[in-house]
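Trainee: This is run01.txt (compact mmCIF, C-alpha atoms and all ligand atoms).
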```txt
# COMPACT_ATOMS: atom_id res chain seq x y z
CA MET A 1 105.83 204.35 -107.06
CA THR A 2 106.09 207.05 -104.39
CA VAL A 3 109.31 207.54 -102.42
CA THR A 4 110.03 209.24 -99.10
CA ARG A 5 112.16 212.35 -99.43
CA SER A 6 113.46 214.95 -96.97
CA VAL A 7 111.81 218.14 -98.18
CA VAL A 8 112.89 221.65 -97.14
CA LEU A 9 110.11 223.46 -95.28
CA GLY A 10 112.08 226.48 -94.13
CA CYS A 11 115.45 228.16 -93.94
CA GLY A 12 116.95 230.67 -91.52
CA SER A 13 120.26 232.22 -90.55
CA TYR A 14 121.93 234.45 -88.01
CA LEU A 15 125.03 236.61 -88.12
CA PRO A 16 126.54 238.36 -85.08
CA SER A 17 126.22 242.14 -85.33
CA ARG A 18 129.92 243.03 -85.21
CA ILE A 19 131.56 243.30 -88.64
CA LEU A 20 135.33 243.09 -88.99
CA SER A 21 136.66 244.54 -92.27
CA ASN A 22 139.93 243.76 -94.02
CA ASP A 23 141.13 247.26 -93.14
CA ASP A 24 140.38 246.54 -89.47
CA LEU A 25 142.58 243.42 -89.71
CA ALA A 26 145.34 245.34 -91.47
CA ARG A 27 145.69 247.40 -88.31
CA SER A 28 146.67 244.33 -86.24
CA VAL A 29 148.51 242.00 -88.67
CA GLU A 30 150.76 242.54 -91.70
CA THR A 31 148.13 242.34 -94.45
CA THR A 32 146.16 244.51 -96.85
CA ASP A 33 142.60 244.68 -98.10
CA GLU A 34 144.01 244.21 -101.61
CA TRP A 35 145.83 240.95 -100.72
CA ILE A 36 142.81 239.45 -98.95
CA VAL A 37 140.36 240.39 -101.72
CA GLN A 38 142.65 239.20 -104.50
CA ARG A 39 143.54 235.86 -102.90
CA THR A 40 140.20 235.00 -101.26
CA GLY A 41 137.37 237.35 -102.32
CA ILE A 42 136.72 238.15 -98.65
CA ARG A 43 135.96 241.79 -97.74
CA GLU A 44 134.48 241.42 -94.26
CA ARG A 45 133.28 238.84 -91.72
CA HIS A 46 131.04 238.82 -88.64
CA ILE A 47 132.48 238.18 -85.17
CA ALA A 48 130.50 236.91 -82.17
CA ALA A 49 130.30 239.25 -79.16
CA PRO A 50 132.05 238.27 -75.93
CA GLY A 51 129.79 235.73 -74.23
CA GLU A 52 127.84 235.04 -77.42
CA LEU A 53 128.12 231.27 -77.90
CA THR A 54 127.77 228.90 -80.85
CA SER A 55 124.47 227.73 -79.30
CA ASP A 56 123.20 231.35 -79.22
CA LEU A 57 123.92 231.73 -82.94
CA ALA A 58 122.40 228.31 -83.66
CA LEU A 59 119.27 229.06 -81.66
CA GLN A 60 118.65 232.31 -83.57
CA ALA A 61 119.08 230.52 -86.90
CA ALA A 62 116.80 227.66 -85.75
CA ARG A 63 114.07 230.11 -84.68
CA ALA A 64 114.34 231.92 -88.03
CA ALA A 65 114.06 228.61 -89.94
CA LEU A 66 111.03 227.55 -87.89
CA ALA A 67 109.38 230.95 -88.48
CA ASN A 68 110.09 230.61 -92.20
CA ALA A 69 108.50 227.13 -92.16
CA ARG A 70 105.58 228.49 -90.06
CA LEU A 71 106.19 225.74 -87.51
CA ASP A 72 106.33 225.55 -83.75
CA PRO A 73 109.26 223.71 -82.08
CA SER A 74 106.71 221.06 -81.01
CA ALA A 75 106.60 219.92 -84.66
CA ILE A 76 110.35 219.03 -84.63
CA ASP A 77 111.57 215.66 -83.35
CA LEU A 78 115.26 215.78 -84.36
CA ILE A 79 118.01 218.42 -84.13
CA VAL A 80 121.40 217.79 -85.71
CA LEU A 81 123.97 220.56 -85.28
CA ALA A 82 127.14 220.58 -87.35
CA THR A 83 129.95 222.44 -85.58
CA SER A 84 133.67 222.27 -84.80
CA THR A 85 133.36 225.07 -82.24
CA PRO A 86 130.93 223.69 -79.64
CA ASP A 87 130.06 225.61 -76.46
CA GLN A 88 131.67 222.88 -74.36
CA THR A 89 133.41 219.55 -74.91
CA PHE A 90 130.13 218.04 -73.77
CA PRO A 91 127.15 218.03 -73.65
CA ALA A 92 126.37 218.61 -77.31
CA THR A 93 125.62 222.18 -78.34
CA ALA A 94 122.48 220.78 -79.99
CA VAL A 95 120.90 220.10 -76.58
CA ALA A 96 121.39 223.77 -75.63
CA VAL A 97 119.46 224.66 -78.78
CA GLN A 98 116.81 222.07 -77.91
CA ALA A 99 116.41 223.60 -74.44
CA GLY A 100 116.41 227.12 -75.90
CA LEU A 101 113.51 226.13 -78.14
CA GLY A 102 111.65 224.80 -75.10
CA MET A 103 111.69 221.24 -76.43
CA THR A 104 111.75 218.29 -74.04
CA HIS A 105 110.94 215.69 -76.68
CA GLY A 106 112.86 214.25 -79.62
CA ALA A 107 116.63 213.82 -80.00
CA ALA A 108 119.45 216.33 -80.43
CA PHE A 109 123.13 215.76 -81.15
CA ASP A 110 126.22 217.38 -82.69
CA LEU A 111 128.16 216.23 -85.71
CA GLN A 112 131.71 217.28 -86.56
CA ALA A 113 133.20 217.22 -90.05
CA VAL A 114 134.69 220.74 -90.04
CA CYS A 115 133.77 222.71 -93.19
CA SER A 116 131.89 219.71 -94.66
CA GLY A 117 129.80 219.38 -91.49
CA PHE A 118 126.56 220.67 -93.01
CA ILE A 119 126.70 218.22 -95.94
CA TYR A 120 127.52 215.39 -93.52
CA ALA A 121 124.55 216.44 -91.36
CA LEU A 122 122.26 216.51 -94.40
CA GLN A 123 123.14 212.92 -95.31
CA VAL A 124 122.69 211.71 -91.72
CA VAL A 125 119.37 213.53 -91.29
CA ASP A 126 118.12 212.43 -94.72
CA GLY A 127 118.80 208.81 -93.76
CA LEU A 128 117.05 209.17 -90.40
CA LEU A 129 113.99 210.88 -91.92
CA ARG A 130 113.66 208.39 -94.77
CA SER A 131 113.98 205.49 -92.31
CA GLY A 132 110.77 206.66 -90.64
CA ALA A 133 112.49 207.14 -87.26
CA TYR A 134 111.78 210.90 -87.28
CA LYS A 135 109.29 213.14 -89.05
CA ARG A 136 110.75 216.68 -88.99
CA ALA A 137 114.31 217.82 -88.34
CA LEU A 138 116.28 220.97 -87.78
CA VAL A 139 119.66 220.74 -89.49
CA ILE A 140 121.95 223.50 -88.26
CA GLY A 141 125.47 224.64 -89.10
CA ALA A 142 126.84 227.02 -86.46
CA GLU A 143 130.36 228.21 -85.71
CA THR A 144 132.38 230.68 -83.67
CA PHE A 145 135.71 230.16 -85.45
CA SER A 146 136.87 233.54 -84.11
CA ARG A 147 137.47 231.69 -80.80
CA ILE A 148 140.02 229.26 -82.27
CA LEU A 149 141.93 231.67 -84.51
CA ASP A 150 145.47 232.76 -83.78
CA TRP A 151 144.90 236.50 -84.28
CA THR A 152 148.65 237.02 -84.81
CA ASP A 153 148.77 234.56 -87.77
CA ARG A 154 147.90 236.48 -90.93
CA THR A 155 147.77 233.29 -93.01
CA THR A 156 144.64 232.12 -91.16
CA CYS A 157 143.02 234.91 -89.12
CA VAL A 158 141.89 236.84 -92.21
CA LEU A 159 139.94 233.89 -93.60
CA PHE A 160 137.26 232.92 -91.10
CA GLY A 161 134.10 234.34 -89.52
CA ASP A 162 131.20 233.44 -87.22
CA GLY A 163 127.58 232.65 -88.05
CA ALA A 164 124.82 230.06 -88.20
CA GLY A 165 122.24 228.75 -90.65
CA ALA A 166 119.47 226.18 -90.40
CA LEU A 167 117.02 224.18 -92.50
CA VAL A 168 113.79 222.50 -91.46
CA LEU A 169 113.38 219.18 -93.28
CA GLU A 170 110.29 216.97 -93.33
CA ALA A 171 109.84 213.36 -94.49
CA GLN A 172 107.29 213.51 -97.30
CA GLN A 173 106.00 211.14 -99.95
CA GLN A 174 107.05 212.30 -103.41
CA PRO A 175 105.97 210.90 -106.80
CA GLY A 176 109.32 209.14 -107.45
CA ASP A 177 110.00 211.00 -110.70
CA ARG A 178 111.86 214.10 -111.90
CA SER A 179 109.35 216.39 -110.18
CA ASP A 180 110.39 215.07 -106.72
CA ARG A 181 111.15 217.77 -104.18
CA GLY A 182 113.64 217.28 -101.34
CA ILE A 183 117.09 215.77 -101.04
CA LEU A 184 117.75 213.69 -104.17
CA THR A 185 121.26 212.44 -103.42
CA THR A 186 124.18 213.01 -101.02
CA HIS A 187 127.80 211.88 -101.32
CA LEU A 188 130.42 212.03 -98.56
CA ARG A 189 134.16 211.39 -98.67
CA SER A 190 137.09 211.69 -96.28
CA ASP A 191 140.82 210.96 -96.43
CA GLY A 192 142.54 211.10 -93.05
CA ARG A 193 146.01 211.08 -94.57
CA HIS A 194 145.49 214.83 -94.99
CA ARG A 195 144.43 215.51 -91.39
CA GLY A 196 147.62 217.47 -90.62
CA LYS A 197 146.97 220.09 -93.32
CA LEU A 198 144.04 221.81 -91.60
CA TYR A 199 143.65 221.18 -87.89
CA VAL A 200 143.50 222.65 -84.40
CA ASP A 201 146.68 222.27 -82.34
CA GLY A 202 144.85 221.37 -79.15
CA GLY A 203 142.27 218.95 -77.89
CA VAL A 204 140.79 217.10 -74.97
CA SER A 205 142.80 213.91 -75.18
CA SER A 206 146.03 215.40 -76.58
CA THR A 207 146.83 218.73 -74.89
CA GLN A 208 143.81 219.40 -72.67
CA THR A 209 143.61 222.83 -74.32
CA VAL A 210 141.30 224.24 -76.97
CA GLY A 211 144.13 225.10 -79.36
CA HIS A 212 144.33 227.27 -82.47
CA LEU A 213 143.50 226.62 -86.09
CA ARG A 214 146.53 225.77 -88.25
CA MET A 215 146.44 225.38 -92.01
CA GLU A 216 148.76 224.68 -94.92
CA GLY A 217 146.58 226.87 -97.13
CA ARG A 218 148.38 226.14 -100.37
CA GLU A 219 148.06 222.37 -99.78
CA VAL A 220 144.33 222.64 -99.10
CA PHE A 221 143.91 224.85 -102.15
CA LYS A 222 145.78 222.34 -104.33
CA HIS A 223 143.30 219.54 -103.58
CA ALA A 224 140.07 221.53 -103.31
CA VAL A 225 138.81 221.81 -106.89
CA ALA A 226 139.53 218.15 -107.79
CA MET A 227 137.81 216.86 -104.65
CA ILE A 228 134.79 219.13 -105.12
CA THR A 229 134.29 218.26 -108.78
CA ASP A 230 134.74 214.52 -108.07
CA VAL A 231 131.95 214.46 -105.52
CA ILE A 232 129.65 216.59 -107.69
CA ASP A 233 130.22 214.22 -110.60
CA ALA A 234 129.06 211.46 -108.23
CA ALA A 235 125.83 213.42 -107.62
CA PHE A 236 125.27 213.84 -111.36
CA LYS A 237 125.97 210.16 -112.01
CA ALA A 238 123.55 209.07 -109.26
CA THR A 239 120.67 211.22 -110.52
CA GLY A 240 121.20 211.63 -114.26
CA TYR A 241 121.16 215.41 -113.88
CA THR A 242 123.92 217.50 -115.46
CA ALA A 243 125.41 220.94 -114.84
CA ALA A 244 122.93 222.38 -117.35
CA ASP A 245 119.99 221.30 -115.13
CA ILE A 246 121.24 223.14 -112.04
CA ASP A 247 119.33 226.28 -111.08
CA TRP A 248 121.63 227.28 -108.19
CA PHE A 249 125.09 226.18 -107.12
CA VAL A 250 125.58 226.91 -103.40
CA PRO A 251 129.16 225.94 -102.55
CA HIS A 252 131.01 226.08 -99.25
CA GLN A 253 132.34 229.61 -98.97
CA ALA A 254 136.09 229.35 -98.29
CA ASN A 255 137.70 231.14 -101.20
CA LYS A 256 136.21 232.81 -104.29
CA ARG A 257 139.01 231.37 -106.42
CA ILE A 258 138.10 227.80 -105.38
CA ILE A 259 134.40 228.48 -106.04
CA ASP A 260 135.08 230.01 -109.47
CA GLY A 261 137.51 227.19 -110.38
CA SER A 262 134.99 224.50 -109.41
CA ALA A 263 132.08 226.15 -111.23
CA HIS A 264 134.21 226.63 -114.34
CA LYS A 265 135.43 223.00 -114.34
CA LEU A 266 131.85 221.74 -113.91
CA GLY A 267 130.47 224.06 -116.60
CA ILE A 268 128.15 225.94 -114.22
CA ALA A 269 127.49 229.53 -115.35
CA PRO A 270 128.76 232.23 -112.95
CA GLU A 271 125.26 233.76 -112.63
CA LYS A 272 124.00 230.49 -111.07
CA VAL A 273 126.62 230.58 -108.28
CA VAL A 274 125.62 231.93 -104.86
CA ILE A 275 128.49 233.87 -103.27
CA THR A 276 128.60 235.13 -99.70
CA VAL A 277 132.31 234.68 -98.94
CA ASP A 278 132.84 238.40 -99.61
CA ARG A 279 130.57 239.33 -96.68
CA HIS A 280 130.84 236.28 -94.37
CA GLY A 281 134.37 234.92 -94.84
CA ASN A 282 134.67 231.18 -94.23
CA THR A 283 132.14 230.20 -91.55
CA SER A 284 132.95 226.48 -91.85
CA ALA A 285 129.83 224.32 -91.26
CA ALA A 286 127.61 227.43 -91.25
CA SER A 287 128.61 228.70 -94.69
CA ILE A 288 126.21 226.65 -96.83
CA PRO A 289 123.00 227.30 -94.86
CA LEU A 290 124.00 230.99 -94.55
CA ALA A 291 124.40 231.18 -98.33
CA LEU A 292 121.15 229.26 -98.90
CA PHE A 293 119.27 231.72 -96.72
CA ASP A 294 120.81 234.65 -98.59
CA ALA A 295 119.51 233.33 -101.92
CA VAL A 296 116.12 232.36 -100.48
CA ALA A 297 115.66 235.74 -98.79
CA ASP A 298 116.28 237.69 -102.00
CA ARG A 299 114.06 235.26 -103.97
CA ARG A 300 116.73 233.78 -106.18
CA ILE A 301 116.06 230.22 -104.90
CA LYS A 302 112.39 229.34 -105.39
CA ARG A 303 110.25 226.26 -104.85
CA GLY A 304 111.02 223.66 -107.53
CA HIS A 305 114.57 224.86 -108.21
CA LEU A 306 117.36 222.31 -108.45
CA VAL A 307 120.05 223.28 -105.94
CA LEU A 308 123.55 221.80 -105.80
CA LEU A 309 125.60 222.00 -102.59
CA GLU A 310 129.23 221.06 -101.94
CA ALA A 311 131.87 221.43 -99.26
CA MET A 312 135.49 220.52 -98.63
CA GLY A 313 137.60 221.01 -95.53
CA GLY A 314 139.59 219.63 -92.61
CA GLY A 315 140.20 215.89 -92.49
CA PHE A 316 140.13 216.15 -95.45
CA THR A 317 136.39 215.73 -95.66
CA TRP A 318 134.28 216.63 -98.66
CA GLY A 319 130.78 216.04 -99.93
CA SER A 320 127.90 217.07 -102.17
CA ALA A 321 124.13 217.19 -101.97
CA LEU A 322 121.58 217.73 -104.72
CA LEU A 323 118.07 218.79 -103.78
CA ARG A 324 114.94 220.21 -105.31
CA TRP A 325 113.76 223.16 -103.23
O1 LIG A 401 137.20 225.71 -95.60
C1 LIG A 401 138.29 224.90 -95.41
C2 LIG A 401 139.10 224.87 -96.60
N1 LIG A 401 140.07 225.91 -96.60
C3 LIG A 401 140.38 226.48 -97.75
O2 LIG A 401 139.75 226.19 -98.72
C4 LIG A 401 141.56 227.39 -97.82
C5 LIG A 401 142.37 226.99 -99.00
N2 LIG A 401 143.51 227.85 -99.24
C6 LIG A 401 143.39 229.12 -99.65
O3 LIG A 401 142.30 229.65 -99.78
C7 LIG A 401 144.65 229.87 -100.03
O4 LIG A 401 145.72 228.96 -100.07
C8 LIG A 401 144.99 231.02 -99.06
C9 LIG A 401 143.97 232.13 -99.24
C10 LIG A 401 144.97 230.52 -97.63
C11 LIG A 401 146.37 231.59 -99.40
O5 LIG A 401 146.42 232.00 -100.75
P1 LIG A 401 147.64 231.54 -101.68
O6 LIG A 401 147.44 232.17 -102.97
O7 LIG A 401 147.69 230.03 -101.63
O8 LIG A 401 148.85 232.21 -100.93
P2 LIG A 401 150.15 231.53 -100.31
O9 LIG A 401 149.80 230.76 -99.09
O10 LIG A 401 150.87 230.83 -101.41
O11 LIG A 401 150.97 232.80 -99.87
C12 LIG A 401 151.47 233.75 -100.81
C13 LIG A 401 152.23 234.84 -100.07
C14 LIG A 401 153.19 234.30 -99.02
O12 LIG A 401 154.34 235.11 -99.06
P3 LIG A 401 155.67 234.61 -99.82
O13 LIG A 401 156.04 233.32 -99.14
O14 LIG A 401 155.26 234.43 -101.24
O15 LIG A 401 156.61 235.74 -99.57
C15 LIG A 401 152.48 234.50 -97.73
O16 LIG A 401 153.35 234.67 -96.64
O17 LIG A 401 151.29 235.65 -99.34
C16 LIG A 401 151.71 235.76 -97.99
N3 LIG A 401 150.54 235.90 -97.14
C17 LIG A 401 149.93 237.08 -96.90
N4 LIG A 401 150.22 238.34 -97.30
C18 LIG A 401 149.39 239.31 -96.89
C19 LIG A 401 149.84 234.92 -96.49
N5 LIG A 401 148.80 235.46 -95.84
C20 LIG A 401 148.84 236.79 -96.07
C21 LIG A 401 148.03 237.86 -95.68
N6 LIG A 401 148.33 239.10 -96.12
N7 LIG A 401 146.93 237.70 -94.89
```
Take the structure in this file and express it as structure tokens.
Mentor:
Amino acid sequence: MTVTRSVVLGCGSYLPSRILSNDDLARSVETTDEWIVQRTGIRERHIAAPGELTSDLALQAARAALANARLDPSAIDLIVLATSTPDQTFPATAVAVQAGLGMTHGAAFDLQAVCSGFIYALQVVDGLLRSGAYKRALVIGAETFSRILDWTDRTTCVLFGDGAGALVLEAQQQPGDRSDRGILTTHLRSDGRHRGKLYVDGGVSSTQTVGHLRMEGREVFKHAVAMITDVIDAAFKATGYTAADIDWFVPHQANKRIIDGSAHKLGIAPEKVVITVDRHGNTSAASIPLALFDAVADRRIKRGHLVLLEAMGGGFTWGSALLRW
């Protein structure tokens, strides 16, 4: 019996041109390249230019994904943009992307789940496509975290970067067996008891300011691997696949030690892990589609490959998605 699945038609990304190295940072805060590389794996990150907005990054990534899918914006009827750094409090940054693409049809909205935003967006879009309400969607993760960093706080400002990535997904009939392409399963979790461990100290209804990112890094680190492996086990249980079946593991890129620890605990070989944290830093909701594009562009990820995604971040929120490319 055939089933409807959300199948990837294209993938794109965009990084601002300015690169900020660890040595650059060491000139403004008390840190070293050695400390940052050892503790995080990060060597450099991209920073948006003055006046370059989250919607600008998102629009470039969306155009690249559409070009990769060989589609015109007229073929898209849904845009979901995961971000915690929107252009404005409202309207949604997604409608700026919609307008930038010249679209006056369909629906566009933002979704906020911090670093897990892209996985949350995938589950939401997958549900909407499989329901029959929409046919083709752009799912975008885009962030300008450089705008909410306290550049005098060495415990956070060395960790994050700016960027955007996007997928085009289409509702397609698949055979309903192990050859199915598209999103096979998604699992989301949150636990608001931890919301004070990674947050922004400002907001519309609280301070009427934008605020700065604050994090108890060690606390986040302590929970990360267990939460990630729990939600990946849920994906394996739901599908019957195991770590041995995975062609590519594309984790959220926050810290190389967390990625290595998760892959090791799950039994995923290091050569199957896509790493971009060294060049991108943590780009929050953008990190997974940026990493996906990296591995698609250099032909590691190919049609038919089984790809495992995961993320964990502020809230805490965490989630996994398993798809066949
Ligand atoms: O995507 C959202 C999820 N976020 C994350 O996954 C982040 C999770 N946390 C982490 O990745 C790590 O906890 C950090 C990279 C943030 C920190 O690494 P750590 O190994 O947990 O270091 P720490 O916080 O325990 O700090 C160790 C020492 C401290 O000094 P003392 O107290 O031992 O004297 C810090 O003050 O390192 C110091 N330190 C730094 N030194 C040089 C903190 N930041 C820096 C820095 N440069 N940038």
Trainee: Around the point (117.3, 235.0, -98.7), in the coordinates given by the file, pick out the residues reaching within 12 Å, counting all atoms listed in the file, and return them as a list in words.
Mentor: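 Answer for this query, in the requested form: Gly10, Cys11, Gly12, Ser13, Tyr14, Ala64, Ala65, Asn68, Gly165, Val274, Thr276, Pro289, Leu290, Ala291, Leu292, Phe293, Asp294, Ala295, Val296, Ala297, Asp298, Arg299, Arg300, Ile301 and Lys302 of chain A.
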Trainee: Please measure the separation of atom CA of Ala166 of chain A and atom CA of Leu266 of chain A, giving the value in Å to one decimal.
Mentor: 26.9 Å
Trainee: Name each residue within 9 Å of ligand LIG 401 (chain A), counting all atoms listed in the file, as a PyMOL selection string.
Mentor: chain A and resi 25-26+29-36+38-41+114-116+153-160+198+215-224+252-258+282-285+311-314+316
Trainee: Quick one: pull the distance between atom CA of Lys135 of chain A and atom CA of Ile246 of chain A, Å, one decimal.
Mentor: 27.8 Å
Trainee: Quick one: everything within 12 Å of Ile119 of chain A, counting only C-alpha atoms, minus sequence neighbours fewer than 6 positions away in the same chain. Send it as a ChimeraX atom specification.
Mentor: /A:80-83,111-113,125-126,139-141,167,183,185-189,231,250-252,284-289,308-313,317-323
Trainee: Under the rule that only C-alpha atoms are counted, which of A:Gly163, A:Gln98, A:Leu149, A:Tyr134 is the nearest residue to Leu57 of chain A?
Mentor: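 The closest residue to Leu57 of chain A is A:Gly163.
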Trainee: Would you kindly return, as an MDAnalysis selection string, each protein, DNA or RNA residue with an atom no farther than 7 Å from any atom of Ser146 of chain A, considering all atoms listed in the file and excluding same-chain residues fewer than 4 positions away?
Mentor: chainID A and resid 47 161:162
Trainee: Using only C-alpha atoms, determine which residues lie at most 10 Å from Arg279 of chain A, disregarding the query and same-chain residues fewer than 5 positions distant; provide the list as a ChimeraX atom specification.
Mentor: /A:19-21,41-46,161
